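Undergrad: Pasting input_12.csv below, which is CSV, C-alpha atoms.
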```
chain,number,residue,atom,x,y,z
A,2,MET,CA,104.0,101.3,26.0
A,3,ILE,CA,101.6,103.6,24.1
A,4,LEU,CA,101.2,101.1,21.3
A,5,ARG,CA,100.5,98.3,23.8
A,6,SER,CA,97.8,100.4,25.5
A,7,VAL,CA,96.2,101.2,22.1
A,8,LEU,CA,96.2,97.5,21.2
A,9,ILE,CA,94.5,96.5,24.5
A,10,ALA,CA,91.9,99.2,24.0
A,11,ILE,CA,91.2,97.9,20.5
A,12,VAL,CA,90.8,94.4,21.8
A,13,LEU,CA,88.5,95.4,24.7
A,14,PHE,CA,86.4,97.7,22.6
A,15,GLY,CA,86.1,95.1,19.8
A,16,GLY,CA,85.0,92.4,22.4
A,17,ASN,CA,82.5,94.7,24.0
A,18,ALA,CA,81.1,95.8,20.7
A,19,ALA,CA,80.7,92.2,19.6
A,20,ALA,CA,78.9,91.3,22.9
A,21,GLN,CA,76.6,94.4,22.5
A,22,THR,CA,75.4,93.3,19.1
A,23,TRP,CA,75.0,89.6,20.1
A,24,PRO,CA,72.9,87.9,18.9
A,25,ASN,CA,72.5,89.2,15.3
A,26,LYS,CA,71.9,85.8,13.6
A,27,PRO,CA,70.2,82.5,14.4
A,28,LEU,CA,71.6,80.3,17.2
A,29,ARG,CA,72.1,76.5,17.0
A,30,VAL,CA,71.6,74.2,20.0
A,31,ILE,CA,73.2,70.8,19.5
A,32,VAL,CA,71.4,67.9,21.1
A,33,THR,CA,73.5,64.7,21.5
A,34,PHE,CA,70.6,62.3,21.0
A,35,SER,CA,68.0,61.6,18.4
A,36,PRO,CA,64.6,63.4,18.3
A,37,GLY,CA,62.1,62.2,20.9
A,38,GLY,CA,64.3,61.8,23.9
A,39,SER,CA,64.4,63.9,27.1
A,40,SER,CA,67.3,66.1,25.9
A,41,ASP,CA,65.6,66.8,22.6
A,42,ILE,CA,62.2,67.5,24.2
A,43,VAL,CA,63.7,69.9,26.7
A,44,ALA,CA,65.8,71.7,24.1
A,45,ARG,CA,62.8,72.3,21.8
A,46,LEU,CA,60.6,73.4,24.8
A,47,VAL,CA,63.2,75.9,26.0
A,48,ALA,CA,64.0,77.1,22.5
A,49,VAL,CA,60.7,78.8,22.0
A,50,PRO,CA,60.8,81.4,24.9
A,51,LEU,CA,64.6,81.6,24.4
A,52,GLN,CA,64.3,82.9,20.9
A,53,ALA,CA,61.5,85.3,21.9
A,54,GLU,CA,63.8,86.7,24.5
A,55,LEU,CA,66.9,86.9,22.3
A,56,GLY,CA,65.1,88.1,19.2
A,57,GLN,CA,66.7,85.4,17.0
A,58,THR,CA,65.7,81.9,15.8
A,59,VAL,CA,67.0,79.1,17.9
A,60,VAL,CA,67.5,75.9,15.9
A,61,VAL,CA,67.8,72.5,17.5
A,62,ASP,CA,70.3,70.3,15.8
A,63,ASN,CA,70.4,66.6,16.6
A,64,LYS,CA,73.9,65.0,16.5
A,65,PRO,CA,73.6,61.5,18.0
A,66,GLY,CA,76.2,58.9,18.3
A,67,ALA,CA,79.2,57.7,20.3
A,68,GLY,CA,77.7,58.2,23.7
A,69,GLY,CA,76.9,61.8,22.9
A,70,THR,CA,80.5,62.7,22.2
A,71,ILE,CA,80.0,63.4,18.5
A,72,GLY,CA,77.7,66.3,19.2
A,73,ALA,CA,79.6,67.5,22.3
A,74,LEU,CA,82.9,67.5,20.3
A,75,GLU,CA,81.3,69.6,17.6
A,76,ALA,CA,80.1,72.1,20.2
A,77,ALA,CA,83.5,72.1,21.9
A,78,ARG,CA,85.3,72.9,18.6
A,79,ALA,CA,82.8,75.6,17.5
A,80,ALA,CA,83.8,79.3,17.5
A,81,PRO,CA,83.2,80.8,21.0
A,82,ASP,CA,80.8,83.4,19.8
A,83,GLY,CA,77.6,82.2,21.4
A,84,TYR,CA,76.0,81.0,18.2
A,85,THR,CA,76.7,77.3,18.7
A,86,LEU,CA,75.4,75.9,22.0
A,87,LEU,CA,75.1,72.5,23.5
A,88,LEU,CA,72.2,70.9,25.5
A,89,SER,CA,74.6,69.4,28.0
A,90,ASN,CA,73.6,66.2,29.7
A,91,SER,CA,75.2,63.5,31.8
A,92,ALA,CA,76.1,61.1,29.0
A,93,PRO,CA,78.7,63.2,27.0
A,94,ILE,CA,79.8,65.2,30.1
A,95,SER,CA,79.9,63.0,33.2
A,96,ILE,CA,80.1,59.5,31.7
A,97,SER,CA,81.4,59.1,28.1
A,98,PRO,CA,84.8,60.7,28.6
A,99,ALA,CA,85.5,58.3,31.5
A,100,MET,CA,84.6,55.4,29.2
A,101,GLN,CA,87.4,56.4,26.7
A,102,ASP,CA,91.1,55.5,27.1
A,103,GLU,CA,91.9,58.8,25.4
A,104,PRO,CA,89.0,61.3,25.7
A,105,ARG,CA,88.7,63.7,22.8
A,106,TYR,CA,87.8,66.7,25.1
A,107,ASP,CA,87.9,67.7,28.7
A,108,PRO,CA,84.3,67.7,29.9
A,109,VAL,CA,85.0,70.7,32.3
A,110,LYS,CA,87.6,72.8,30.5
A,111,ALA,CA,86.2,72.4,26.9
A,112,PHE,CA,82.9,74.2,27.7
A,113,THR,CA,81.5,77.3,29.2
A,114,TYR,CA,78.6,76.3,31.4
A,115,VAL,CA,75.8,78.9,31.1
A,116,GLY,CA,72.5,77.7,32.5
A,117,TYR,CA,71.4,74.6,34.5
A,118,ILE,CA,67.9,73.4,33.6
A,119,GLY,CA,67.3,70.4,35.9
A,120,SER,CA,67.6,66.7,36.4
A,121,VAL,CA,65.5,63.7,35.4
A,122,ALA,CA,65.3,60.2,36.7
A,123,ASN,CA,65.7,57.0,34.7
A,124,VAL,CA,63.4,54.0,34.9
A,125,PHE,CA,63.7,50.2,34.5
A,126,VAL,CA,60.9,49.3,32.1
A,127,VAL,CA,60.0,45.8,30.7
A,128,HIS,CA,57.8,44.6,28.0
A,129,PRO,CA,54.5,43.1,29.5
A,130,ALA,CA,55.7,39.6,28.3
A,131,VAL,CA,58.3,39.7,31.1
A,132,PRO,CA,56.7,38.2,34.2
A,133,ALA,CA,58.6,40.4,36.7
A,134,LYS,CA,56.8,43.1,38.5
A,135,THR,CA,59.4,44.0,41.1
A,136,LEU,CA,63.2,44.5,41.0
A,137,PRO,CA,63.9,41.2,43.0
A,138,GLU,CA,61.6,39.4,40.5
A,139,LEU,CA,63.4,41.0,37.6
A,140,LEU,CA,66.8,39.9,38.9
A,141,ALA,CA,65.5,36.3,39.4
A,142,TRP,CA,64.0,36.3,35.9
A,143,ILE,CA,67.3,37.5,34.3
A,144,LYS,CA,69.2,34.8,36.3
A,145,ALA,CA,66.8,32.1,35.1
A,146,GLN,CA,67.4,32.8,31.4
A,147,THR,CA,69.6,30.4,29.4
A,148,LYS,CA,70.9,33.2,27.2
A,149,PRO,CA,72.2,36.7,28.2
A,150,VAL,CA,69.3,39.2,28.4
A,151,ASN,CA,69.6,42.2,26.1
A,152,TYR,CA,68.8,45.6,27.7
A,153,GLY,CA,68.5,48.8,25.8
A,154,SER,CA,69.3,52.4,26.5
A,155,GLY,CA,69.2,55.7,24.7
A,156,GLY,CA,72.8,55.2,23.7
A,157,ILE,CA,76.3,54.1,24.6
A,158,GLY,CA,77.5,56.2,27.5
A,159,SER,CA,74.0,57.1,28.7
A,160,ILE,CA,72.9,56.9,32.3
A,161,GLY,CA,70.9,53.9,31.4
A,162,HIS,CA,73.9,52.1,30.0
A,163,LEU,CA,76.0,52.7,33.1
A,164,VAL,CA,73.2,51.7,35.5
A,165,GLY,CA,72.7,48.5,33.5
A,166,GLU,CA,76.4,47.7,33.7
A,167,THR,CA,76.4,48.4,37.4
A,168,LEU,CA,73.4,46.1,38.0
A,169,LYS,CA,75.1,43.4,35.9
A,170,LYS,CA,78.3,43.5,37.8
A,171,GLU,CA,76.9,43.8,41.3
A,172,HIS,CA,74.4,40.9,40.9
A,173,GLY,CA,76.5,38.7,38.6
A,174,LEU,CA,74.0,38.9,35.7
A,175,LYS,CA,74.3,37.8,32.1
A,176,MET,CA,73.2,40.9,30.2
A,177,GLU,CA,74.2,42.5,26.9
A,178,HIS,CA,73.8,46.2,26.3
A,179,ILE,CA,72.2,47.5,23.1
A,180,GLY,CA,72.9,51.2,22.7
A,181,TYR,CA,70.4,52.9,20.4
A,182,LYS,CA,70.7,56.4,18.9
A,183,GLY,CA,68.0,57.8,21.2
A,184,SER,CA,64.9,56.6,22.9
A,185,SER,CA,62.6,56.6,19.9
A,186,PRO,CA,64.3,53.8,17.9
A,187,MET,CA,64.7,51.8,21.2
A,188,HIS,CA,60.9,52.1,21.9
A,189,THR,CA,60.2,50.6,18.5
A,190,ASP,CA,61.9,47.4,19.5
A,191,LEU,CA,60.7,47.5,23.1
A,192,LEU,CA,57.1,47.9,22.2
A,193,ALA,CA,57.4,45.2,19.6
A,194,GLY,CA,58.8,42.8,22.2
A,195,THR,CA,62.1,42.2,20.3
A,196,LEU,CA,63.7,44.0,23.2
A,197,GLN,CA,62.3,43.1,26.6
A,198,LEU,CA,64.2,45.4,29.1
A,199,ALA,CA,65.3,49.0,28.9
A,200,ILE,CA,66.8,51.5,31.3
A,201,ASP,CA,65.8,54.9,30.0
A,202,THR,CA,64.9,58.4,31.1
A,203,LEU,CA,61.5,58.4,32.8
A,204,PRO,CA,59.4,61.0,30.9
A,205,GLN,CA,59.1,59.5,27.5
A,206,ASN,CA,58.1,56.1,29.1
A,207,VAL,CA,55.2,57.4,31.2
A,208,PRO,CA,52.6,57.3,28.4
A,209,PHE,CA,53.5,53.7,27.6
A,210,MET,CA,53.4,52.8,31.3
A,211,LYS,CA,49.9,54.3,31.7
A,212,ASP,CA,48.7,52.5,28.6
A,213,GLY,CA,50.0,49.2,29.9
A,214,LYS,CA,52.3,48.8,26.9
A,215,LEU,CA,55.3,48.9,29.2
A,216,ARG,CA,55.7,48.0,32.9
A,217,ALA,CA,57.9,50.1,35.2
A,218,ILE,CA,60.0,48.3,37.8
A,219,ALA,CA,61.9,51.1,39.6
A,220,VAL,CA,63.2,54.6,39.1
A,221,THR,CA,66.8,55.5,39.6
A,222,SER,CA,66.2,58.6,41.7
A,223,PRO,CA,66.8,58.8,45.5
A,224,THR,CA,63.0,59.2,46.0
A,225,ARG,CA,59.9,58.4,44.0
A,226,ALA,CA,59.2,60.6,41.0
A,227,PRO,CA,56.1,62.8,41.2
A,228,MET,CA,55.1,61.8,37.7
A,229,ALA,CA,55.2,58.1,38.6
A,230,PRO,CA,54.4,58.0,42.4
A,231,ASP,CA,53.5,54.3,42.4
A,232,VAL,CA,57.0,53.2,41.1
A,233,PRO,CA,59.5,52.6,43.9
A,234,SER,CA,63.0,54.2,43.9
A,235,VAL,CA,66.1,52.0,43.8
A,236,LEU,CA,67.2,53.6,47.0
A,237,GLU,CA,64.1,52.4,48.9
A,238,LEU,CA,64.8,49.0,47.5
A,239,GLY,CA,68.3,49.0,49.0
A,240,GLN,CA,70.1,49.5,45.7
A,241,LYS,CA,72.1,52.7,46.5
A,242,SER,CA,74.7,52.1,43.7
A,243,LEU,CA,71.9,52.4,41.1
A,244,VAL,CA,70.9,55.9,42.1
A,245,ALA,CA,71.5,58.0,39.0
A,246,GLU,CA,69.9,61.1,37.5
A,247,ASN,CA,70.5,62.8,34.2
A,248,PHE,CA,71.2,66.5,34.4
A,249,LEU,CA,70.3,68.9,31.6
A,250,GLY,CA,71.8,72.4,30.9
A,251,LEU,CA,72.9,74.9,28.3
A,252,SER,CA,76.5,75.4,27.6
A,253,GLY,CA,78.8,76.7,24.8
A,254,PRO,CA,82.5,76.3,23.8
A,255,ALA,CA,85.2,77.3,26.2
A,256,GLY,CA,86.0,81.0,26.0
A,257,LEU,CA,82.5,82.5,25.5
A,258,PRO,CA,82.7,86.3,26.2
A,259,ARG,CA,81.5,87.1,29.7
A,260,ALA,CA,78.9,89.6,28.3
A,261,VAL,CA,77.4,86.8,26.1
A,262,VAL,CA,77.4,84.4,29.0
A,263,GLU,CA,75.5,86.9,31.2
A,264,ARG,CA,73.0,87.7,28.4
A,265,LEU,CA,72.4,84.0,27.6
A,266,HIS,CA,72.1,83.0,31.3
A,267,ALA,CA,69.5,85.8,31.9
A,268,ALA,CA,67.6,84.7,28.8
A,269,THR,CA,67.7,81.0,29.9
A,270,LYS,CA,66.6,81.9,33.4
A,271,LYS,CA,63.7,83.9,32.0
A,272,ALA,CA,62.7,81.1,29.7
A,273,LEU,CA,62.6,78.6,32.5
A,274,ALA,CA,60.4,81.0,34.5
A,275,ASP,CA,57.8,81.0,31.8
A,276,ALA,CA,54.6,79.4,33.3
A,277,THR,CA,54.0,77.1,30.3
A,278,VAL,CA,57.6,75.9,30.3
A,279,LYS,CA,57.6,75.4,34.1
A,280,GLN,CA,54.4,73.3,33.9
A,281,ARG,CA,55.7,71.2,31.0
A,282,LEU,CA,59.1,70.6,32.6
A,283,ALA,CA,57.2,69.4,35.7
A,284,GLU,CA,55.1,67.1,33.6
A,285,LEU,CA,58.3,65.7,32.1
A,286,GLY,CA,59.7,65.0,35.5
A,287,VAL,CA,62.5,67.6,35.2
A,288,GLN,CA,63.3,68.9,38.7
A,289,GLY,CA,64.9,72.4,38.3
A,290,ARG,CA,67.2,74.4,40.5
A,291,ASP,CA,68.5,77.9,40.1
A,292,MET,CA,72.3,78.1,39.5
A,293,THR,CA,74.7,80.8,38.4
A,294,PRO,CA,77.1,80.0,35.6
A,295,GLU,CA,79.8,79.5,38.3
A,296,GLU,CA,77.6,77.2,40.3
A,297,PHE,CA,76.7,75.2,37.2
A,298,THR,CA,80.4,74.8,36.4
A,299,ALA,CA,81.2,73.6,39.9
A,300,PHE,CA,78.2,71.2,39.7
A,301,VAL,CA,79.5,69.7,36.5
A,302,ALA,CA,83.1,69.4,37.9
A,303,GLY,CA,81.5,67.5,40.8
A,304,GLN,CA,79.5,65.2,38.5
A,305,VAL,CA,82.6,64.4,36.4
A,306,LYS,CA,84.5,63.5,39.6
A,307,ASP,CA,81.7,61.5,41.2
A,308,TRP,CA,81.0,59.4,38.1
A,309,TYR,CA,84.6,58.7,37.2
A,310,GLN,CA,85.2,55.7,39.4
A,311,PRO,CA,81.8,54.1,39.0
A,312,VAL,CA,82.3,54.2,35.2
A,313,LYS,CA,85.7,52.6,35.5
A,314,ASP,CA,84.3,50.0,38.0
A,315,SER,CA,81.5,49.1,35.6
A,316,GLY,CA,84.0,48.2,32.9
A,317,ALA,CA,81.9,50.0,30.3
A,318,LYS,CA,84.0,51.1,27.3
A,319,LEU,CA,83.4,53.6,24.4
A,320,ASN,CA,85.7,53.4,21.4
```
If you took the structure in this file and wrote it as structure tokens, what would it be?
TA:
Amino acid sequence: MILRSVLIAIVLFGGNAAAQTWPNKPLRVIVTFSPGGSSDIVARLVAVPLQAELGQTVVVDNKPGAGGTIGALEAARAAPDGYTLLLSNSAPISISPAMQDEPRYDPVKAFTYVGYIGSVANVFVVHPAVPAKTLPELLAWIKAQTKPVNYGSGGIGSIGHLVGETLKKEHGLKMEHIGYKGSSPMHTDLLAGTLQLAIDTLPQNVPFMKDGKLRAIAVTSPTRAPMAPDVPSVLELGQKSLVAENFLGLSGPAGLPRAVVERLHAATKKALADATVKQRLAELGVQGRDMTPEEFTAFVAGQVKDWYQPVKDSGAKLN
């Protein structure tokens, strides 16, 4: 009995001591898409005030591929010490696992959810060579083509991928998905006209929309986005099934010490309260909401449950 008590005391003391000295080396935040996309932009934006608050360098590490599951799996398998984190988003958490016959990780149980950052809408964009200016016109144009229309997204398992498959199924369209490793390589083809249609997160498309290099058809949020007020939402167009927003947050492997979670959550909350960060997130179309780690975990569990059947119904697969 005495020995057992001593062992428990040693474990508790050791855990508390480790938490008290955390962090004492640089942190790594894994982003599941290539540089240039919303996840990458937000991760780099938040990293600056986060490292100032924690007193350690915060390195953003891009690990794209397989619908975001490559980076997510690496984060899930990392030591639960708070030094390897994940910029969680809808693709590897809410969608990709449901696209696999045998998921390589449980999207809820494999992670410790620390801090919710916000959500961002997606947008249907076309090259100016496409004559369609409205969603009904886009549907009619796709149906009129003799060959399947290619549509691009930031990757297999992305919100854009799923929205495209849903559109394709509900309207009986001939479309083929091209999953890029992030938005930047997709924009190269889209701006060149070799790709004519994309469904992508809104922020990185706004500059091209303003310059007339791309034309926005509709956003996938329930209401119009403040950063693109002239673009109708799919809901107001009567397309309820196309409503889809990408969430962003900070998480770590399952089993992060509670003291580390609390410190990291507080640091993230303070980083998000920074005036420059708040303004930039608003400019990026990221709509924030304050959540405790427990609320964030419940939110993710709800997202996983809500997306499961739509993913299955879409027929989208991820090998």
Undergrad: Applying 6 Å and only C-alpha atoms, which residues near Leu86 (chain A) remain after dropping the ones on its own chain fewer than 4 positions away? List them as number ranges by chain.
TA: A: 30, 252-253
Undergrad: Tell me which protein, DNA and RNA residues are within 7 Å of Pro65 (chain A), counting only C-alpha atoms, leaving out same-chain ones fewer than 6 positions away, and put them as a list in words.
TA: Thr33, Phe34, Ser35, Ile71, Gly72 and Lys182 of chain A
Undergrad: List every protein, DNA or RNA residue that has an atom no more than 10 Å from (58.4, 83.7, 25.5) in the file's coordinate frame, counting only C-alpha atoms, and report them as an mmCIF file with C-alpha atoms, in the frame of the given file.
TA:
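File point.cif, as written:
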```
data_model
loop_
_atom_site.group_PDB
_atom_site.id
_atom_site.type_symbol
_atom_site.label_atom_id
_atom_site.label_comp_id
_atom_site.auth_asym_id
_atom_site.auth_seq_id
_atom_site.Cartn_x
_atom_site.Cartn_y
_atom_site.Cartn_z
ATOM 1 C CA VAL A 47 63.200 75.900 26.000
ATOM 2 C CA ALA A 48 64.000 77.100 22.500
ATOM 3 C CA VAL A 49 60.700 78.800 22.000
ATOM 4 C CA PRO A 50 60.800 81.400 24.900
ATOM 5 C CA LEU A 51 64.600 81.600 24.400
ATOM 6 C CA GLN A 52 64.300 82.900 20.900
ATOM 7 C CA ALA A 53 61.500 85.300 21.900
ATOM 8 C CA GLU A 54 63.800 86.700 24.500
ATOM 9 C CA LEU A 55 66.900 86.900 22.300
ATOM 10 C CA ALA A 268 67.600 84.700 28.800
ATOM 11 C CA LYS A 271 63.700 83.900 32.000
ATOM 12 C CA ALA A 272 62.700 81.100 29.700
ATOM 13 C CA LEU A 273 62.600 78.600 32.500
ATOM 14 C CA ALA A 274 60.400 81.000 34.500
ATOM 15 C CA ASP A 275 57.800 81.000 31.800
ATOM 16 C CA ALA A 276 54.600 79.400 33.300
ATOM 17 C CA THR A 277 54.000 77.100 30.300
ATOM 18 C CA VAL A 278 57.600 75.900 30.300
#
```
Undergrad: When distances are computed from only C-alpha atoms, which of A:Leu140, A:Ile179, A:Val220, A:Ile96 shows the smallest separation from Gly286 (chain A)?
TA: A:Val220
Undergrad: Using Å and a single decimal, report how far CA of Gly161 (chain A) sits from CA of Leu174 (chain A).
TA: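 It comes out at 15.9 Å.
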Undergrad: Do you have the CA of Glu75 (chain A)-CA of Ala92 (chain A) distance handy?
TA: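 Computed distance, CA of Glu75 (chain A) to CA of Ala92 (chain A), equals 15.1 Å.
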Undergrad: Could you check how far CA of Ser95 (chain A) sits from CA of Val305 (chain A), in Å to one decimal?
TA: 4.4 Å
Undergrad: Generate the coordinates of all heavy atoms for region 96-107 of chain A; report them as a compact mmCIF listing (two decimals), in the coordinates of the input.
TA:
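Final output, saved to selection-v9.txt:
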```
# COMPACT_ATOMS: atom_id res chain seq x y z
N ILE A 96 79.91 60.97 31.85
CA ILE A 96 80.10 59.50 31.70
C ILE A 96 81.03 59.14 30.55
O ILE A 96 82.06 58.47 30.73
CB ILE A 96 78.77 58.81 31.58
CG1 ILE A 96 77.97 59.01 32.87
CG2 ILE A 96 78.96 57.33 31.29
CD1 ILE A 96 76.57 58.47 32.82
N SER A 97 80.67 59.53 29.33
CA SER A 97 81.40 59.10 28.10
C SER A 97 82.90 59.31 28.17
O SER A 97 83.68 58.44 27.79
CB SER A 97 80.77 59.64 26.88
OG SER A 97 79.47 59.10 26.68
N PRO A 98 83.37 60.51 28.59
CA PRO A 98 84.80 60.70 28.60
C PRO A 98 85.55 59.70 29.49
O PRO A 98 86.67 59.28 29.17
CB PRO A 98 84.96 62.14 29.17
CG PRO A 98 83.70 62.82 28.73
CD PRO A 98 82.64 61.77 28.89
N ALA A 99 84.91 59.28 30.59
CA ALA A 99 85.50 58.30 31.50
C ALA A 99 85.53 56.90 30.88
O ALA A 99 86.26 56.01 31.33
CB ALA A 99 84.82 58.29 32.84
N MET A 100 84.71 56.68 29.85
CA MET A 100 84.60 55.40 29.20
C MET A 100 85.69 55.26 28.07
O MET A 100 85.85 54.19 27.49
CB MET A 100 83.25 55.18 28.59
CG MET A 100 82.16 55.04 29.64
SD MET A 100 80.49 55.02 28.91
CE MET A 100 80.57 53.54 27.91
N GLN A 101 86.38 56.36 27.79
CA GLN A 101 87.40 56.40 26.70
C GLN A 101 88.78 56.36 27.30
O GLN A 101 89.06 57.04 28.28
CB GLN A 101 87.19 57.61 25.85
CG GLN A 101 85.85 57.66 25.13
CD GLN A 101 85.65 58.95 24.37
OE1 GLN A 101 85.83 60.04 24.91
NE2 GLN A 101 85.28 58.85 23.10
N ASP A 102 89.67 55.58 26.68
CA ASP A 102 91.10 55.50 27.10
C ASP A 102 91.74 56.89 26.85
O ASP A 102 92.58 57.34 27.64
CB ASP A 102 91.81 54.42 26.41
CG ASP A 102 91.32 53.05 26.82
OD1 ASP A 102 90.87 52.90 27.99
OD2 ASP A 102 91.36 52.13 25.98
N GLU A 103 91.35 57.53 25.76
CA GLU A 103 91.90 58.80 25.40
C GLU A 103 90.73 59.77 25.03
O GLU A 103 90.36 59.88 23.85
CB GLU A 103 92.88 58.72 24.24
CG GLU A 103 94.13 57.89 24.58
CD GLU A 103 95.11 57.85 23.43
OE1 GLU A 103 94.87 58.51 22.41
OE2 GLU A 103 96.12 57.12 23.55
N PRO A 104 90.15 60.44 26.02
CA PRO A 104 89.00 61.30 25.70
C PRO A 104 89.40 62.41 24.74
O PRO A 104 90.51 62.93 24.75
CB PRO A 104 88.72 61.95 27.12
CG PRO A 104 89.26 60.95 28.10
CD PRO A 104 90.49 60.40 27.44
N ARG A 105 88.44 62.77 23.88
CA ARG A 105 88.70 63.70 22.80
C ARG A 105 88.47 65.17 23.28
O ARG A 105 88.71 66.11 22.54
CB ARG A 105 87.86 63.41 21.60
CG ARG A 105 88.13 61.99 21.07
CD ARG A 105 87.25 61.65 19.88
NE ARG A 105 87.63 62.39 18.69
CZ ARG A 105 86.95 62.34 17.54
NH1 ARG A 105 85.87 61.59 17.45
NH2 ARG A 105 87.35 63.03 16.50
N TYR A 106 87.93 65.34 24.50
CA TYR A 106 87.80 66.70 25.10
C TYR A 106 87.69 66.56 26.58
O TYR A 106 87.35 65.50 27.12
CB TYR A 106 86.49 67.35 24.53
CG TYR A 106 85.23 66.53 24.72
CD1 TYR A 106 84.51 66.55 25.92
CD2 TYR A 106 84.73 65.74 23.68
CE1 TYR A 106 83.37 65.80 26.09
CE2 TYR A 106 83.59 64.98 23.84
CZ TYR A 106 82.90 65.01 25.05
OH TYR A 106 81.77 64.26 25.22
N ASP A 107 88.06 67.63 27.25
CA ASP A 107 87.90 67.70 28.70
C ASP A 107 86.52 68.17 29.02
O ASP A 107 86.13 69.27 28.62
CB ASP A 107 88.96 68.71 29.26
CG ASP A 107 88.98 68.74 30.78
OD1 ASP A 107 87.91 68.95 31.39
OD2 ASP A 107 90.06 68.57 31.36
```
